[in-house]
file model_25.pdb (PDB, C-alpha atoms)
MODEL        1
ATOM      1  CA  MET E   1      30.365  10.873 -84.634
ATOM      2  CA  ASN E   2      33.725  10.592 -86.408
ATOM      3  CA  ALA E   3      33.976  14.392 -86.531
ATOM      4  CA  ILE E   4      33.424  14.547 -82.776
ATOM      5  CA  LEU E   5      36.132  11.951 -82.188
ATOM      6  CA  LEU E   6      38.493  13.819 -84.498
ATOM      7  CA  VAL E   7      37.917  17.067 -82.578
ATOM      8  CA  LEU E   8      38.312  15.237 -79.255
ATOM      9  CA  SER E   9      41.554  13.641 -80.465
ATOM     10  CA  PHE E  10      42.852  17.051 -81.485
ATOM     11  CA  ILE E  11      41.894  18.576 -78.146
ATOM     12  CA  VAL E  12      43.440  15.727 -76.165
ATOM     13  CA  SER E  13      46.623  15.814 -78.258
ATOM     14  CA  ALA E  14      46.900  19.587 -78.088
ATOM     15  CA  HIS E  15      46.698  19.466 -74.318
ATOM     16  CA  ALA E  16      49.031  16.501 -73.825
ATOM     17  CA  ALA E  17      52.276  18.429 -74.107
ATOM     18  CA  PRO E  18      54.558  18.285 -71.066
ATOM     19  CA  GLN E  19      54.254  21.152 -68.596
ATOM     20  CA  ALA E  20      57.291  22.418 -66.711
ATOM     21  CA  GLY E  21      57.396  21.600 -63.033
ATOM     22  CA  VAL E  22      54.882  18.739 -63.144
ATOM     23  CA  PRO E  23      55.925  15.779 -60.967
ATOM     24  CA  LYS E  24      56.661  12.569 -62.858
ATOM     25  CA  GLU E  25      53.857  10.682 -61.047
ATOM     26  CA  ALA E  26      51.316  13.363 -62.019
ATOM     27  CA  ARG E  27      52.499  13.115 -65.631
ATOM     28  CA  ARG E  28      52.100   9.298 -65.486
ATOM     29  CA  HIS E  29      48.461   9.631 -64.354
ATOM     30  CA  PHE E  30      47.898  12.229 -67.055
ATOM     31  CA  ILE E  31      49.301  10.013 -69.826
ATOM     32  CA  LYS E  32      47.169   7.074 -68.626
ATOM     33  CA  ALA E  33      44.089   9.308 -68.666
ATOM     34  CA  VAL E  34      44.805  10.554 -72.193
ATOM     35  CA  ALA E  35      45.176   6.967 -73.453
ATOM     36  CA  ILE E  36      41.922   5.899 -71.791
ATOM     37  CA  GLN E  37      40.094   8.971 -73.048
ATOM     38  CA  LYS E  38      41.220   8.438 -76.635
ATOM     39  CA  ASP E  39      39.788   4.892 -76.589
ATOM     40  CA  ALA E  40      36.676   5.678 -74.507
ATOM     41  CA  LYS E  41      33.375   4.575 -75.997
ATOM     42  CA  GLN E  42      30.915   5.014 -73.123
ATOM     43  CA  ALA E  43      30.446   7.036 -69.952
ATOM     44  CA  SER E  44      32.092   4.413 -67.726
ATOM     45  CA  ASP E  45      35.225   4.549 -69.902
ATOM     46  CA  TYR E  46      35.386   8.305 -69.416
ATOM     47  CA  GLU E  47      35.012   7.806 -65.666
ATOM     48  CA  LEU E  48      38.306   5.862 -65.709
ATOM     49  CA  ALA E  49      40.000   8.767 -67.459
ATOM     50  CA  ILE E  50      38.397  11.215 -65.031
ATOM     51  CA  GLY E  51      39.855   9.284 -62.093
ATOM     52  CA  GLU E  52      43.343   9.459 -63.578
ATOM     53  CA  TYR E  53      43.058  13.198 -64.272
ATOM     54  CA  VAL E  54      41.915  13.741 -60.679
ATOM     55  CA  GLU E  55      44.962  11.820 -59.427
ATOM     56  CA  ALA E  56      47.231  13.963 -61.618
ATOM     57  CA  LEU E  57      45.610  17.117 -60.259
ATOM     58  CA  ASN E  58      45.931  15.922 -56.669
ATOM     59  CA  LEU E  59      49.683  15.789 -57.269
ATOM     60  CA  ALA E  60      49.890  18.955 -59.401
ATOM     61  CA  PRO E  61      46.848  21.235 -58.881
ATOM     62  CA  ASN E  62      48.085  23.789 -61.434
ATOM     63  CA  TYR E  63      48.556  21.220 -64.210
ATOM     64  CA  GLY E  64      46.616  23.049 -66.923
ATOM     65  CA  ALA E  65      46.560  20.245 -69.480
ATOM     66  CA  ALA E  66      45.154  17.819 -66.914
ATOM     67  CA  ARG E  67      42.524  20.358 -65.836
ATOM     68  CA  TYR E  68      41.442  21.000 -69.441
ATOM     69  CA  ASN E  69      41.286  17.332 -70.396
ATOM     70  CA  LEU E  70      39.410  16.540 -67.175
ATOM     71  CA  ALA E  71      36.773  19.053 -68.269
ATOM     72  CA  VAL E  72      36.563  17.435 -71.722
ATOM     73  CA  ALA E  73      36.208  13.959 -70.171
ATOM     74  CA  LEU E  74      33.529  15.184 -67.758
ATOM     75  CA  GLU E  75      31.610  16.670 -70.667
ATOM     76  CA  ALA E  76      31.868  13.410 -72.625
ATOM     77  CA  ALA E  77      30.576  11.526 -69.566
ATOM     78  CA  GLY E  78      27.546  13.825 -69.444
ATOM     79  CA  ARG E  79      28.673  15.524 -66.224
ATOM     80  CA  TYR E  80      28.044  18.990 -67.598
ATOM     81  CA  ASP E  81      28.042  20.999 -64.359
ATOM     82  CA  ASP E  82      31.345  19.428 -63.322
ATOM     83  CA  ALA E  83      32.795  20.047 -66.789
ATOM     84  CA  MET E  84      31.885  23.732 -66.680
ATOM     85  CA  ALA E  85      33.424  24.066 -63.216
ATOM     86  CA  GLN E  86      36.697  22.523 -64.436
ATOM     87  CA  PHE E  87      36.787  24.740 -67.528
ATOM     88  CA  LYS E  88      36.366  27.761 -65.237
ATOM     89  CA  GLU E  89      39.244  26.516 -63.071
ATOM     90  CA  TYR E  90      41.317  26.023 -66.224
ATOM     91  CA  LEU E  91      40.630  29.633 -67.212
ATOM     92  CA  LYS E  92      42.133  30.832 -63.923
ATOM     93  CA  LEU E  93      45.362  29.076 -64.926
ATOM     94  CA  ASN E  94      45.229  30.012 -68.621
ATOM     95  CA  PRO E  95      43.341  33.282 -69.174
ATOM     96  CA  LYS E  96      44.853  33.561 -72.660
ATOM     97  CA  ASP E  97      42.526  30.713 -73.729
ATOM     98  CA  ALA E  98      39.422  32.642 -72.625
ATOM     99  CA  ASP E  99      37.630  32.824 -75.986
ATOM    100  CA  ALA E 100      37.925  29.133 -76.804
ATOM    101  CA  VAL E 101      37.103  27.956 -73.285
ATOM    102  CA  GLU E 102      34.190  30.352 -72.903
ATOM    103  CA  ASP E 103      32.852  28.924 -76.179
ATOM    104  CA  LYS E 104      33.169  25.403 -74.712
ATOM    105  CA  ILE E 105      31.289  26.516 -71.602
ATOM    106  CA  ALA E 106      28.511  28.054 -73.724
ATOM    107  CA  ALA E 107      28.222  24.825 -75.729
ATOM    108  CA  ILE E 108      27.953  22.791 -72.524
ATOM    109  CA  GLU E 109      25.287  25.160 -71.229
ATOM    110  CA  GLY E 110      23.332  24.416 -74.409
ATOM    111  CA  ARG E 111      23.723  20.655 -73.932
ATOM    112  CA  LEU E 112      22.643  20.987 -70.305
ATOM    113  CA  GLU E 113      19.511  22.897 -71.304
ATOM    114  CA  LEU E 114      18.684  20.249 -73.904
ATOM    115  CA  ALA E 115      19.237  17.428 -71.410
ATOM    116  CA  LYS E 116      16.938  19.131 -68.888
ATOM    117  CA  LYS E 117      14.283  19.644 -71.563
ATOM    118  CA  ARG E 118      14.437  15.985 -72.584
ATOM    119  CA  GLU E 119      14.296  14.879 -68.955
ATOM    120  CA  LYS E 120      11.223  17.029 -68.374
ATOM    121  CA  GLN E 121       9.565  15.686 -71.528
ATOM    122  CA  GLY E 122      10.327  12.148 -70.384
ATOM    123  CA  ARG E 123       8.714  12.785 -66.998
ATOM    124  CA  ASN E 124       5.679  14.369 -68.615
ATOM    125  CA  GLY E 125       5.333  11.408 -70.976
ATOM    126  CA  ARG E 126       5.505   8.931 -68.116
ATOM    127  CA  GLU E 127       2.999  10.911 -66.040
ATOM    128  CA  SER E 128       0.455  11.059 -68.880
ATOM    129  CA  SER E 129       0.728   7.311 -69.532
ATOM    130  CA  GLU E 130       0.088   6.391 -65.890
TER
ENDMDL
END

call {"tool": "encode", "arguments": {"input": "model_25.pdb", "output": "structure tokens"}}
result
Amino acid sequence: MNAILLVLSFIVSAHAAPQAGVPKEARRHFIKAVAIQKDAKQASDYELAIGEYVEALNLAPNYGAARYNLAVALEAAGRYDDAMAQFKEYLKLNPKDADAVEDKIAAIEGRLELAKKREKQGRNGRESSE
């Protein structure tokens, strides 16, 4: 778990640098989201960060760092389809990051498959016990 948090902290920090042309209010929402995300412990905590990233993106739709961190927060909240969609949007803004982001998308696809498998097993277990 500590390794995951360390990687997440690195990702969040690496994508927290100021971006030229971003309105001050968008940057404020972004900074709030980063702080929340760094301290998040459960899905509802990540939802707070997600809300702040969305506000930042409403003000600055091409804010790459906010888009990337939104995807990371969505993944942490277990919203895998939404996370993949945001990573794909991020790639449109930052095609130079294609290898790393495509790797993130592939990892999320794996988590999604596992979650679906577990859900199916859970349903099958409940059906056989009824």

call {"tool": "closest_residue", "arguments": {"input": "model_25.pdb", "among": "E:Ala85, E:Ala60, E:Ala26, E:Leu48", "to": "Ile105 (chain E)", "atoms": "only C-alpha atoms"}}
result
E:Ala85

call {"tool": "resolve_selection", "arguments": {"input": "model_25.pdb", "expression": "the PyMOL selection byres ((chain E and resi 22) around 10)", "output": "ChimeraX atom specification"}}
result
/E:18-21,23-27,56-57,59-63

call {"tool": "axis_aligned_box", "arguments": {"input": "model_25.pdb", "around": "region 21-28 of chain E", "padding_each_side": "4 Å", "output": "JSON"}}
result
{"center_x": 54.4, "center_y": 15.4, "center_z": -63.3, "size_x": 14.1, "size_y": 20.3, "size_z": 12.7}

call {"tool": "resolve_selection", "arguments": {"input": "model_25.pdb", "expression": "the PyMOL selection byres ((chain E and resi 83) around 9)", "output": "list of chain:residue names"}}
result
E:Leu70, E:Ala71, E:Val72, E:Ala73, E:Leu74, E:Glu75, E:Ala76, E:Gly78, E:Arg79, E:Tyr80, E:Asp81, E:Asp82, E:Met84, E:Ala85, E:Gln86, E:Phe87, E:Lys88, E:Ile105, E:Ile108

call {"tool": "closest_residue", "arguments": {"input": "model_25.pdb", "among": "E:Leu114, E:His29, E:Glu89, E:Ala77", "to": "Asp45 (chain E)", "atoms": "all atoms listed in the file"}}
result
E:Ala77

call {"tool": "resolve_selection", "arguments": {"input": "model_25.pdb", "expression": "the PyMOL selection byres ((chain E and resi 34) around 8)", "output": "PyMOL selection string"}}
result
chain E and resi 12+16+30-33+35-38+49+69

call {"tool": "atom_distance", "arguments": {"input": "model_25.pdb", "atom1": "CA of Glu47 (chain E)", "atom2": "CA of Lys116 (chain E)"}}
result
21.6 Å

call {"tool": "atom_distance", "arguments": {"input": "model_25.pdb", "atom1": "CA of Pro95 (chain E)", "atom2": "CA of Gly64 (chain E)"}}
result
11.0 Å

call {"tool": "atom_distance", "arguments": {"input": "model_25.pdb", "atom1": "CA of Arg67 (chain E)", "atom2": "CA of Leu112 (chain E)"}}
result
20.4 Å
